[in-house]
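Quick look at protein-v7.cif (mmCIF, C-alpha atoms):
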```
data_final
loop_
_atom_site.label_atom_id
_atom_site.label_comp_id
_atom_site.auth_asym_id
_atom_site.auth_seq_id
_atom_site.Cartn_x
_atom_site.Cartn_y
_atom_site.Cartn_z
CA MET A 252 -18.04 -27.42 -27.58
CA LYS A 253 -14.56 -26.00 -27.22
CA LYS A 254 -15.44 -23.89 -24.22
CA TYR A 255 -16.38 -27.02 -22.26
CA LEU A 256 -12.94 -28.52 -22.71
CA GLY A 257 -11.30 -25.68 -20.79
CA PRO A 258 -11.29 -27.43 -17.41
CA LEU A 259 -9.20 -30.27 -18.79
CA SER A 260 -6.28 -27.98 -19.51
CA LYS A 261 -6.61 -24.20 -19.92
CA ASP A 262 -8.89 -23.69 -16.89
CA ASN A 263 -7.89 -26.79 -14.97
CA PRO A 264 -9.39 -26.54 -11.46
CA ILE A 265 -6.21 -27.69 -9.70
CA LEU A 266 -3.44 -26.45 -11.98
CA VAL A 267 -4.86 -23.08 -12.96
CA GLN A 268 -7.55 -22.22 -10.43
CA ILE A 269 -5.64 -23.93 -7.57
CA LEU A 270 -8.87 -25.38 -6.15
CA GLY A 271 -9.32 -28.76 -4.47
CA VAL A 272 -5.62 -29.13 -3.71
CA CYS A 273 -6.15 -30.53 -0.20
CA SER A 274 -7.80 -33.75 -1.32
CA ALA A 275 -5.46 -33.95 -4.31
CA LEU A 276 -2.55 -34.21 -1.87
CA ALA A 277 -4.26 -36.66 0.44
CA VAL A 278 -5.60 -39.41 -1.79
CA THR A 279 -2.89 -39.72 -4.43
CA ALA A 280 -0.46 -42.12 -2.74
CA GLN A 281 -2.01 -44.93 -4.80
CA LEU A 282 -3.80 -45.03 -8.12
CA LYS A 283 -6.94 -46.88 -7.02
CA PRO A 284 -8.17 -44.43 -4.35
CA ALA A 285 -7.22 -41.54 -6.63
CA VAL A 286 -9.40 -42.89 -9.44
CA VAL A 287 -12.29 -43.60 -7.07
CA MET A 288 -11.98 -40.11 -5.60
CA ALA A 289 -11.84 -38.57 -9.09
CA LEU A 290 -14.96 -40.47 -10.13
CA SER A 291 -16.77 -39.47 -6.94
CA VAL A 292 -15.99 -35.79 -7.39
CA THR A 293 -16.94 -35.94 -11.08
CA ILE A 294 -20.28 -37.57 -10.31
CA VAL A 295 -21.07 -35.17 -7.48
CA CYS A 296 -20.00 -32.13 -9.51
CA ALA A 297 -21.98 -33.14 -12.60
CA CYS A 298 -25.14 -34.14 -10.72
CA ALA A 299 -25.06 -31.08 -8.45
CA ASN A 300 -24.60 -28.80 -11.45
CA PHE A 301 -27.49 -30.50 -13.24
CA ILE A 302 -29.90 -30.42 -10.30
CA ILE A 303 -29.10 -26.84 -9.31
CA SER A 304 -29.44 -25.71 -12.91
CA LEU A 305 -32.78 -27.51 -13.17
CA ILE A 306 -34.21 -25.65 -10.17
CA ARG A 307 -32.18 -22.44 -10.54
CA ASN A 308 -35.22 -20.25 -11.26
CA THR A 309 -37.03 -21.41 -8.15
CA ILE A 310 -34.12 -20.87 -5.75
CA PRO A 311 -34.50 -17.70 -3.68
CA PRO A 312 -31.16 -15.87 -4.10
CA ARG A 313 -30.95 -15.12 -0.38
CA VAL A 314 -30.69 -18.79 0.55
CA ARG A 315 -29.02 -20.12 -2.58
CA ILE A 316 -25.82 -21.19 -0.80
CA ILE A 317 -27.89 -23.20 1.68
CA VAL A 318 -29.79 -24.86 -1.14
CA GLN A 319 -26.54 -25.66 -2.95
CA LEU A 320 -25.00 -27.11 0.20
CA LEU A 321 -28.09 -29.25 0.79
CA ILE A 322 -27.95 -30.73 -2.68
CA VAL A 323 -24.19 -31.28 -2.58
CA SER A 324 -24.19 -32.90 0.84
CA ALA A 325 -27.07 -35.17 -0.10
CA LEU A 326 -25.14 -36.32 -3.18
CA VAL A 327 -21.95 -36.83 -1.18
CA ILE A 328 -23.76 -38.94 1.39
CA VAL A 329 -25.19 -41.10 -1.38
CA VAL A 330 -21.71 -41.51 -2.91
CA ASP A 331 -20.26 -42.38 0.49
CA GLN A 332 -22.92 -45.02 1.12
CA VAL A 333 -22.46 -46.54 -2.31
CA LEU A 334 -18.68 -46.69 -1.81
CA GLN A 335 -19.14 -48.39 1.56
CA ALA A 336 -21.43 -50.95 -0.03
CA VAL A 337 -19.46 -51.63 -3.20
CA VAL A 338 -15.76 -50.92 -2.59
CA TYR A 339 -15.39 -51.12 1.18
CA ASP A 340 -11.60 -51.23 1.28
CA VAL A 341 -11.23 -48.17 -0.92
CA SER A 342 -13.85 -46.30 1.09
CA LYS A 343 -11.77 -47.05 4.19
CA MET A 344 -8.67 -45.68 2.47
CA LEU A 345 -10.46 -42.49 1.44
CA SER A 346 -11.89 -42.18 4.98
CA VAL A 347 -12.76 -38.57 5.74
CA PHE A 348 -11.97 -37.27 2.27
CA VAL A 349 -15.23 -38.51 0.77
CA GLY A 350 -17.16 -36.45 3.31
CA LEU A 351 -14.94 -33.49 2.57
CA ILE A 352 -16.10 -33.47 -1.06
CA ILE A 353 -18.94 -31.34 0.33
CA THR A 354 -16.49 -28.52 0.96
CA ASN A 355 -14.52 -29.03 -2.26
CA CYS A 356 -14.26 -25.53 -3.70
CA ILE A 357 -14.51 -26.84 -7.26
CA ILE A 358 -18.09 -27.97 -6.72
CA MET A 359 -19.37 -24.88 -4.95
CA GLY A 360 -17.44 -22.73 -7.42
CA ARG A 361 -19.04 -24.35 -10.45
CA LEU A 362 -22.51 -24.12 -8.91
CA GLU A 363 -22.15 -20.41 -8.28
CA ALA A 364 -20.27 -19.54 -11.46
CA PHE A 365 -22.05 -21.76 -13.95
CA ALA A 366 -25.08 -23.78 -12.91
CA MET A 367 -26.96 -20.82 -11.41
CA SER A 368 -26.99 -19.06 -14.77
CA HIS A 369 -27.00 -21.80 -17.41
CA LYS A 370 -29.39 -24.44 -18.75
CA PRO A 371 -29.27 -27.99 -17.30
CA LEU A 372 -27.47 -29.74 -20.16
CA PRO A 373 -24.55 -27.31 -20.48
CA SER A 374 -24.30 -27.35 -16.66
CA LEU A 375 -24.09 -31.14 -16.64
CA ILE A 376 -21.26 -31.05 -19.18
CA ASP A 377 -19.50 -28.27 -17.30
CA GLY A 378 -19.63 -30.25 -14.06
CA LEU A 379 -18.44 -33.37 -15.82
CA MET A 380 -15.50 -31.58 -17.41
CA ASN A 381 -14.44 -29.88 -14.20
CA GLY A 382 -14.59 -33.19 -12.35
CA LEU A 383 -12.53 -34.82 -15.08
CA GLY A 384 -10.03 -31.96 -15.06
CA TYR A 385 -9.61 -32.52 -11.33
CA GLY A 386 -9.42 -36.27 -11.82
CA LEU A 387 -6.80 -35.96 -14.54
CA VAL A 388 -4.37 -34.24 -12.18
CA LEU A 389 -5.13 -36.74 -9.42
CA VAL A 390 -4.40 -39.66 -11.71
CA ILE A 391 -1.15 -38.15 -13.04
CA VAL A 392 0.12 -37.46 -9.52
CA ALA A 393 -1.01 -40.88 -8.28
CA ILE A 394 0.75 -42.69 -11.15
CA PHE A 395 4.05 -41.02 -10.25
CA ARG A 396 3.62 -41.58 -6.53
CA GLU A 397 2.58 -45.21 -6.69
CA LEU A 398 5.11 -46.15 -9.37
CA LEU A 399 8.08 -44.50 -7.70
CA GLY A 400 6.92 -44.94 -4.12
CA SER A 401 5.73 -48.54 -4.10
CA GLY A 402 6.85 -49.88 -7.48
CA THR A 403 3.27 -50.87 -8.29
CA LEU A 404 0.34 -49.58 -10.35
CA TRP A 405 -3.22 -50.41 -9.26
CA ASN A 406 -1.53 -52.73 -6.70
CA HIS A 407 0.18 -54.76 -9.43
CA PRO A 408 3.98 -54.80 -9.32
CA VAL A 409 5.33 -53.20 -12.49
CA ILE A 410 8.98 -52.70 -11.65
CA PRO A 411 10.73 -55.98 -12.49
CA GLN A 412 12.35 -57.94 -9.69
CA SER A 413 15.71 -57.73 -11.46
CA PHE A 414 15.76 -53.96 -10.79
CA TYR A 415 15.51 -54.59 -7.06
CA GLU A 416 18.21 -57.21 -7.27
CA ALA A 417 20.42 -54.66 -9.00
CA GLY A 418 20.00 -52.35 -6.01
CA TYR A 419 16.97 -50.26 -6.97
CA LEU A 420 14.93 -49.03 -4.00
CA ASN A 421 11.40 -47.64 -3.80
CA ASN A 422 11.40 -43.98 -2.87
CA GLY A 423 9.60 -43.90 0.47
CA LEU A 424 9.34 -40.13 0.32
CA MET A 425 6.87 -40.45 -2.58
CA ILE A 426 4.30 -41.99 -0.23
CA LEU A 427 4.37 -39.01 2.11
CA PRO A 428 2.07 -35.99 1.59
CA PRO A 429 4.91 -33.44 1.05
CA MET A 430 5.88 -35.22 -2.16
CA ALA A 431 2.34 -34.77 -3.49
CA LEU A 432 2.69 -31.06 -2.87
CA ILE A 433 5.98 -30.99 -4.76
CA LEU A 434 4.51 -33.00 -7.66
CA VAL A 435 1.42 -30.79 -7.92
CA GLY A 436 3.71 -27.77 -7.74
CA SER A 437 5.85 -29.16 -10.56
CA LEU A 438 2.76 -29.77 -12.69
CA ILE A 439 1.61 -26.19 -12.11
CA TRP A 440 5.09 -25.00 -13.04
CA ILE A 441 5.15 -27.02 -16.27
CA LYS A 442 1.64 -25.84 -17.09
CA ASN A 443 2.46 -22.18 -16.57
CA SER A 444 5.77 -22.30 -18.38
CA LYS A 445 4.01 -23.58 -21.48
CA LYS A 446 1.42 -20.92 -21.82
CA SER A 447 1.39 -17.20 -22.22
CA SER A 448 -2.10 -16.35 -20.98
CA VAL A 449 -1.01 -16.25 -17.33
CA LYS A 450 1.35 -13.38 -16.85
CA MET B 188 -32.65 -13.23 -10.53
CA SER B 189 -34.57 -9.98 -10.33
CA LYS B 190 -37.57 -11.88 -9.02
CA THR B 191 -38.26 -11.31 -5.34
CA PHE B 192 -39.29 -14.13 -3.07
CA SER B 193 -41.44 -13.76 0.01
CA ASN B 194 -40.27 -15.07 3.36
CA THR B 195 -43.08 -17.62 3.34
CA TYR B 196 -41.90 -18.93 0.00
CA ILE B 197 -38.32 -19.24 1.26
CA LEU B 198 -39.37 -21.09 4.40
CA LEU B 199 -41.65 -23.48 2.53
CA TYR B 200 -39.02 -24.00 -0.18
CA ILE B 201 -36.26 -24.95 2.27
CA THR B 202 -38.58 -27.12 4.36
CA GLY B 203 -39.83 -28.94 1.29
CA LEU B 204 -36.32 -29.48 -0.02
CA VAL B 205 -35.07 -30.83 3.29
CA ILE B 206 -37.97 -33.26 3.55
CA ILE B 207 -37.47 -34.54 0.00
CA ILE B 208 -33.72 -35.01 0.57
CA ALA B 209 -34.25 -36.69 3.94
CA VAL B 210 -36.66 -39.21 2.41
CA LEU B 211 -34.32 -39.95 -0.49
CA LEU B 212 -31.30 -40.38 1.77
CA SER B 213 -33.14 -42.69 4.14
CA ALA B 214 -34.23 -44.80 1.19
CA VAL B 215 -30.66 -45.05 -0.12
CA SER B 216 -29.29 -45.83 3.32
CA LEU B 217 -31.85 -48.56 3.99
CA GLY B 218 -31.48 -50.01 0.52
CA LEU B 219 -27.71 -50.41 0.85
CA LYS B 220 -27.73 -51.52 4.48
CA PRO B 221 -27.48 -55.30 3.92
CA GLN B 222 -24.41 -54.86 1.73
CA ARG B 223 -22.73 -52.47 4.15
CA GLU B 224 -23.38 -54.80 7.05
CA ALA B 225 -21.99 -57.74 5.10
CA ASN B 226 -18.86 -55.73 4.30
CA ARG B 227 -18.43 -54.78 7.96
CA GLN B 228 -18.88 -58.35 9.11
CA CYS B 229 -16.34 -59.58 6.59
CA GLU B 230 -13.90 -56.84 7.58
CA LYS B 231 -14.32 -57.77 11.25
CA ALA B 232 -13.65 -61.43 10.50
CA ARG B 233 -10.52 -60.52 8.54
CA GLN B 234 -9.27 -58.26 11.33
CA ILE B 235 -9.72 -60.90 14.02
CA LEU B 236 -8.14 -63.59 11.86
CA LYS B 237 -5.19 -61.34 11.16
CA ALA B 238 -4.73 -60.60 14.85
CA ALA B 239 -4.84 -64.34 15.53
CA GLY B 240 -1.96 -64.91 13.13
CA TYR B 241 -3.77 -66.08 10.00
CA GLY B 242 -2.33 -63.24 7.93
CA ASP B 243 -4.32 -61.43 5.25
CA VAL B 244 -7.23 -63.75 4.59
CA ASP B 245 -8.97 -63.37 1.25
CA LYS B 246 -12.40 -61.71 1.49
CA SER B 247 -14.17 -64.69 -0.04
CA GLU B 248 -12.82 -67.07 2.61
CA ALA B 249 -12.85 -64.85 5.68
CA ASN B 250 -16.37 -65.57 6.91
CA ALA B 251 -16.07 -69.35 6.50
CA LEU B 252 -12.70 -69.51 8.25
CA PHE B 253 -13.95 -67.22 10.99
CA ALA B 254 -16.94 -69.46 11.65
CA GLU B 255 -14.66 -72.49 11.69
CA VAL B 256 -12.10 -71.29 14.25
CA THR B 257 -14.19 -69.10 16.55
CA ARG B 258 -17.02 -69.71 18.98
CA PRO B 259 -18.97 -66.75 20.43
CA GLU B 260 -18.70 -66.13 24.18
CA LYS B 261 -20.04 -63.37 26.37
CA SER B 262 -18.44 -61.79 29.39
CA LYS B 263 -20.68 -61.16 32.40
CA THR B 264 -20.89 -57.52 31.40
CA GLY B 265 -22.13 -58.41 27.95
CA ARG B 266 -18.90 -57.58 26.14
CA GLU B 267 -18.48 -59.27 22.79
CA MET B 268 -15.98 -62.14 23.04
CA TYR B 269 -14.97 -65.20 21.08
CA ALA B 270 -13.01 -68.31 21.82
CA ILE B 271 -10.58 -68.77 18.98
CA GLN B 272 -8.13 -71.31 17.71
CA CYS B 273 -5.08 -69.32 16.64
CA ALA B 274 -3.03 -70.00 13.55
CA ASP B 275 -0.31 -71.67 15.64
CA GLY B 276 -2.84 -74.19 16.96
CA SER B 277 -3.13 -72.76 20.47
CA GLN B 278 -6.44 -71.71 22.02
CA GLY B 279 -7.14 -68.09 22.86
CA HIS B 280 -9.82 -65.50 23.45
CA VAL B 281 -10.83 -62.50 21.38
CA VAL B 282 -12.06 -59.46 23.29
CA TYR B 283 -13.85 -56.56 21.66
CA VAL B 284 -12.42 -53.26 22.95
CA ASN B 285 -13.87 -49.82 22.35
CA GLY B 286 -13.18 -46.26 23.37
CA LYS B 287 -12.76 -42.82 21.97
CA GLY B 288 -9.95 -41.33 19.92
CA LEU B 289 -9.41 -37.69 19.10
CA TRP B 290 -12.30 -37.16 16.66
CA GLY B 291 -14.56 -40.14 17.06
CA ALA B 292 -14.94 -43.73 18.14
CA ILE B 293 -12.05 -46.18 18.07
CA TRP B 294 -12.46 -49.90 18.54
CA GLY B 295 -10.66 -53.13 17.95
CA TYR B 296 -10.19 -56.79 18.75
CA VAL B 297 -7.55 -58.11 21.12
CA VAL B 298 -6.52 -61.75 20.87
CA LEU B 299 -5.34 -63.10 24.26
CA ASN B 300 -3.78 -66.42 25.12
CA GLU B 301 -5.79 -69.06 26.91
CA ASP B 302 -5.35 -67.74 30.47
CA ASN B 303 -5.90 -64.12 29.38
CA THR B 304 -2.47 -62.86 30.45
CA THR B 305 -0.60 -62.28 27.20
CA ILE B 306 -1.59 -60.51 23.99
CA LYS B 307 -1.23 -62.58 20.85
CA GLY B 308 -2.32 -59.89 18.48
CA VAL B 309 -4.52 -56.82 18.07
CA ALA B 310 -6.40 -55.09 15.27
CA PHE B 311 -7.72 -51.57 15.65
CA SER B 312 -10.19 -49.51 13.65
CA HIS B 313 -11.31 -45.93 13.87
CA LYS B 314 -14.12 -43.74 12.65
CA SER B 315 -12.39 -40.48 11.80
CA GLU B 316 -8.85 -40.16 13.16
CA THR B 317 -6.44 -37.90 11.25
CA PRO B 318 -4.99 -39.69 8.21
CA GLY B 319 -1.22 -40.08 8.59
CA LEU B 320 -1.31 -39.47 12.36
CA GLY B 321 -4.00 -41.04 14.54
CA ALA B 322 -5.18 -43.24 11.68
CA LYS B 323 -1.87 -45.09 11.97
CA ILE B 324 -3.35 -47.19 14.79
CA THR B 325 -4.76 -49.46 12.07
CA GLU B 326 -1.33 -50.10 10.57
CA ASP B 327 0.77 -53.20 11.15
CA ASP B 328 3.70 -51.20 12.54
CA PHE B 329 1.59 -50.16 15.50
CA SER B 330 -0.52 -53.26 16.02
CA SER B 331 2.46 -55.63 15.80
CA SER B 332 4.11 -53.83 18.72
CA PHE B 333 1.40 -55.28 21.00
CA ILE B 334 2.30 -58.88 20.26
CA GLY B 335 3.65 -60.69 23.30
CA LYS B 336 2.85 -57.90 25.76
CA LYS B 337 1.56 -58.88 29.21
CA LEU B 338 -1.54 -57.54 30.94
CA TYR B 339 -0.09 -58.08 34.44
CA ASP B 340 3.09 -56.66 35.96
CA GLU B 341 5.64 -58.87 37.70
CA ASN B 342 3.72 -58.63 40.99
CA GLY B 343 0.63 -60.04 39.34
CA ASN B 344 -1.38 -56.79 39.32
CA PHE B 345 -3.51 -55.96 36.30
CA VAL B 346 -1.95 -52.99 34.53
CA SER B 347 -3.17 -53.46 30.93
CA VAL B 348 -0.74 -52.35 28.23
CA LYS B 349 0.30 -48.73 28.45
CA VAL B 350 0.57 -46.79 25.20
CA ILE B 351 3.17 -44.22 26.16
CA ALA B 352 5.82 -42.09 24.48
CA LYS B 353 9.32 -43.54 24.29
CA GLY B 354 11.41 -42.40 27.26
CA LYS B 355 8.42 -41.59 29.47
CA GLY B 356 7.10 -43.65 32.39
CA ASN B 357 10.33 -45.55 32.82
CA SER B 358 8.96 -47.41 35.85
CA ILE B 359 6.66 -49.38 33.56
CA GLY B 360 8.19 -52.69 32.53
CA LEU B 361 8.93 -53.33 28.85
CA GLU B 362 6.39 -56.13 28.80
CA ASN B 363 3.58 -53.75 29.80
CA ARG B 364 4.15 -50.91 27.36
CA VAL B 365 4.20 -50.05 23.69
CA ASP B 366 5.41 -46.84 22.05
CA ALA B 367 2.80 -44.20 21.33
CA ILE B 368 2.53 -42.77 17.81
CA SER B 369 4.42 -39.51 17.67
CA GLY B 370 2.22 -36.65 16.53
CA ALA B 371 -0.89 -38.52 17.63
CA THR B 372 -0.73 -38.12 21.40
CA LEU B 373 -4.48 -37.93 21.95
CA THR B 374 -5.32 -40.92 19.77
CA SER B 375 -2.56 -42.91 21.51
CA ARG B 376 -3.99 -41.96 24.88
CA GLY B 377 -7.39 -43.05 23.58
CA VAL B 378 -5.98 -46.48 22.72
CA ASP B 379 -4.36 -46.65 26.15
CA GLU B 380 -7.64 -45.92 27.94
CA MET B 381 -9.59 -48.19 25.62
CA MET B 382 -7.30 -51.14 26.42
CA TYR B 383 -7.45 -50.55 30.16
CA ASN B 384 -11.17 -49.87 30.46
CA SER B 385 -12.26 -52.69 28.19
CA LEU B 386 -9.90 -55.38 29.42
CA ILE B 387 -10.33 -54.74 33.15
CA GLU B 388 -13.94 -55.87 32.80
CA ILE B 389 -12.75 -59.28 31.71
CA MET B 390 -10.03 -59.46 34.35
CA ASN B 391 -12.42 -58.65 37.16
CA ASN B 392 -14.60 -61.60 36.17
CA PRO B 393 -12.00 -64.23 35.45
CA ASN B 394 -14.47 -67.09 35.84
CA ASN B 395 -16.85 -66.08 33.14
CA GLN B 396 -15.03 -67.76 30.30
#
```
For the structure just supplied, provide its representation as structure tokens.
Amino acid sequence: MKKYLGPLSKDNPILVQILGVCSALAVTAQLKPAVVMALSVTIVCACANFIISLIRNTIPPRVRIIVQLLIVSALVIVVDQVLQAVVYDVSKMLSVFVGLIITNCIIMGRLEAFAMSHKPLPSLIDGLMNGLGYGLVLVIVAIFRELLGSGTLWNHPVIPQSFYEAGYLNNGLMILPPMALILVGSLIWIKNSKKSSVK
Amino acid sequence: MSKTFSNTYILLYITGLVIIIAVLLSAVSLGLKPQREANRQCEKARQILKAAGYGDVDKSEANALFAEVTRPEKSKTGREMYAIQCADGSQGHVVYVNGKGLWGAIWGYVVLNEDNTTIKGVAFSHKSETPGLGAKITEDDFSSSFIGKKLYDENGNFVSVKVIAKGKGNSIGLENRVDAISGATLTSRGVDEMMYNSLIEIMNNPNNQ
């Protein structure tokens, strides 16, 4: 079981493998879209891993990337349609980034590296864990950005009014994409400083 | 992996897969269509109400309020229009405008005063403009800059509202221009053309209200 927990920390897709950073920067200004994005990627990654693993012995190696892309894009379209039907405002906020899950390197990477050579159940867990590892970083970054940038969490004000009366101001820079880059960079820094395996 | 696959197998495999996926996707799309349409309708009602000064209307009330204060009209060219009672009690018209941005379609609703000369509010939407640049046309900062702008210059000629960079086109009166979004020149130009092309239809048929 231990090897499946790698993506959450030791082999974290964003912090260690530096994959999927683009969307991590784009959707983390608020917690809600970050969580929805994390869930979407987790679902797509887990389902794609499972399906590809299920049919892995029938896939002709010469066209395997095409087959993988087909499955992934089909899943992403389904996720996009469901988001539009169920959480329309969030789907508007995520805009193009839901479609871009198709090109998220984490998903293609896991399909090639894991699902093509493992049984369905382990592949499902692997996809789930990698999605969650990605989501974990998104949520951490989004908590910092929304709390410090807008003074809210999940759109609820959490910084008491008395702080503002005492002169506290929201940090507008936190809302902007460069701050996401700096936060992700800081997380990578903390991560690397704590462990000896990367040298 | 050491197995070899014939070309026929590969072709049939891919074709089969594509057909299966196409059928599944169509089913999902059709199944969710009513909900998506309802969401769009509600979003449209909220946008128009916001442009007409009602503020952010709650989703549960938007459709009812929209039905209460608007009455559908059609221009001679078939453009979608509504007569609306604005939040301040005055009568006005809502005109659907559409055009193209940098990456895809842009559209919106323009609320005009009763004689169609002054803008009371706008709300824009887009399909796939760049987040943080062109996508800013949906934000209040941009849409509020249209409020109070005139569609005619001081000589009474129709000029629409120009979306133009600060400091450029100084011959255009302040009442006929708004600032473009810096970094999103092409989307801003798209909004400019959309306003002109869509509104001139209405202005050329002033008696169709």
request  = Quick one: apply the PyMOL selection byres ((chain A) within 12 of (chain B)) to the file and drop the selected residues here as a ChimeraX atom specification.
outcome  = /A:274,276-278,280,306-351,367-368,426-429
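In terms of minimum interatomic distance to Ser331 (chain B), B:Phe311 ranks closest within B:Phe311, B:Tyr383, B:Tyr283, B:Trp294, counting only C-alpha atoms.
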inquiry  = Considering only C-alpha atoms, can you say which of B:Ala292, B:Val244, B:Val378, B:Val350 comes closest to Ala274 (chain B)?
reply    =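 Ranking B:Ala292, B:Val244, B:Val378, B:Val350 by distance to Ala274 (chain B), first place goes to B:Val244.
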task = Evaluate the PyMOL selection byres ((chain B and resi 267) around 12) and record the selected residues as number ranges by chain, following the chain and residue labels used in the document.
result = B: 258-266, 268-270, 280-285, 294-297, 385-386, 388-389, 396
Just C-alpha atoms for this one: save the residues we selected as a tab-separated table (two decimals), in the frame of the given file.
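And here's again_37.tsv as it stands now:
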```tsv
chain	number	residue	atom	x	y	z
B	258	ARG	CA	-17.02	-69.71	18.98
B	259	PRO	CA	-18.97	-66.75	20.43
B	260	GLU	CA	-18.70	-66.13	24.18
B	261	LYS	CA	-20.04	-63.37	26.37
B	262	SER	CA	-18.44	-61.79	29.39
B	263	LYS	CA	-20.68	-61.16	32.40
B	264	THR	CA	-20.89	-57.52	31.40
B	265	GLY	CA	-22.13	-58.41	27.95
B	266	ARG	CA	-18.90	-57.58	26.14
B	268	MET	CA	-15.98	-62.14	23.04
B	269	TYR	CA	-14.97	-65.20	21.08
B	270	ALA	CA	-13.01	-68.31	21.82
B	280	HIS	CA	-9.82	-65.50	23.45
B	281	VAL	CA	-10.83	-62.50	21.38
B	282	VAL	CA	-12.06	-59.46	23.29
B	283	TYR	CA	-13.85	-56.56	21.66
B	284	VAL	CA	-12.42	-53.26	22.95
B	285	ASN	CA	-13.87	-49.82	22.35
B	294	TRP	CA	-12.46	-49.90	18.54
B	295	GLY	CA	-10.66	-53.13	17.95
B	296	TYR	CA	-10.19	-56.79	18.75
B	297	VAL	CA	-7.55	-58.11	21.12
B	385	SER	CA	-12.26	-52.69	28.19
B	386	LEU	CA	-9.90	-55.38	29.42
B	388	GLU	CA	-13.94	-55.87	32.80
B	389	ILE	CA	-12.75	-59.28	31.71
B	396	GLN	CA	-15.03	-67.76	30.30
```
inquiry  = Could you tell me, as a PyMOL selection string, exactly which residues end up selected when the PyMOL selection byres ((chain A and resi 294) around 9) is applied to this structure?
reply    = chain A and resi 289-293+295-299+326+330+378-379+382
key: Within 12 Å of Arg376 (chain B) using only C-alpha atoms, minus same-chain residues under 6 positions, as a list in words   =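 The contact residues come out as Gly286, Lys287, Gly288, Leu289, Ile293, Gly321, Ile324, Val348, Lys349, Val350, Ile351, Ala352, Val365, Asp366, Ala367, Ile368, Ser369, Gly370, Met382 and Tyr383 of chain B.
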inquiry  = To one decimal place in Å, what is the distance between CA of Tyr415 (chain A) and CA of Thr279 (chain A)?
reply    =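 According to the coordinates, CA of Tyr415 (chain A) and CA of Thr279 (chain A) are separated by 23.8 Å.
Between CA of Ala251 (chain B) and CA of Ile235 (chain B) the interatomic distance comes to 13.0 Å.
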Could you pull the residues within 10 Å of Ser332 (chain B), counting only C-alpha atoms, minus those fewer than 4 positions along the same chain, as an mmCIF file with C-alpha atoms, in the frame of the given file?
```cif
data_model
loop_
_atom_site.group_PDB
_atom_site.id
_atom_site.type_symbol
_atom_site.label_atom_id
_atom_site.label_comp_id
_atom_site.auth_asym_id
_atom_site.auth_seq_id
_atom_site.Cartn_x
_atom_site.Cartn_y
_atom_site.Cartn_z
ATOM 1 C CA GLY B 308 -2.320 -59.890 18.480
ATOM 2 C CA VAL B 309 -4.520 -56.820 18.070
ATOM 3 C CA ASP B 327 0.770 -53.200 11.150
ATOM 4 C CA ASP B 328 3.700 -51.200 12.540
ATOM 5 C CA LYS B 336 2.850 -57.900 25.760
ATOM 6 C CA ARG B 364 4.150 -50.910 27.360
ATOM 7 C CA VAL B 365 4.200 -50.050 23.690
ATOM 8 C CA ASP B 366 5.410 -46.840 22.050
#
```
ask   = Between A:Ile357, A:Leu282, A:Met380, A:Ile352, which has the minimum distance to Phe395 (chain A) (counting only C-alpha atoms)?
value =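 Closest candidate: A:Leu282.
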message = Using Å and a single decimal, report how far CA of Leu375 (chain A) sits from CA of Ser304 (chain A).
response =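 Separation of CA of Ser304 (chain A) and CA of Leu375 (chain A): 8.5 Å.
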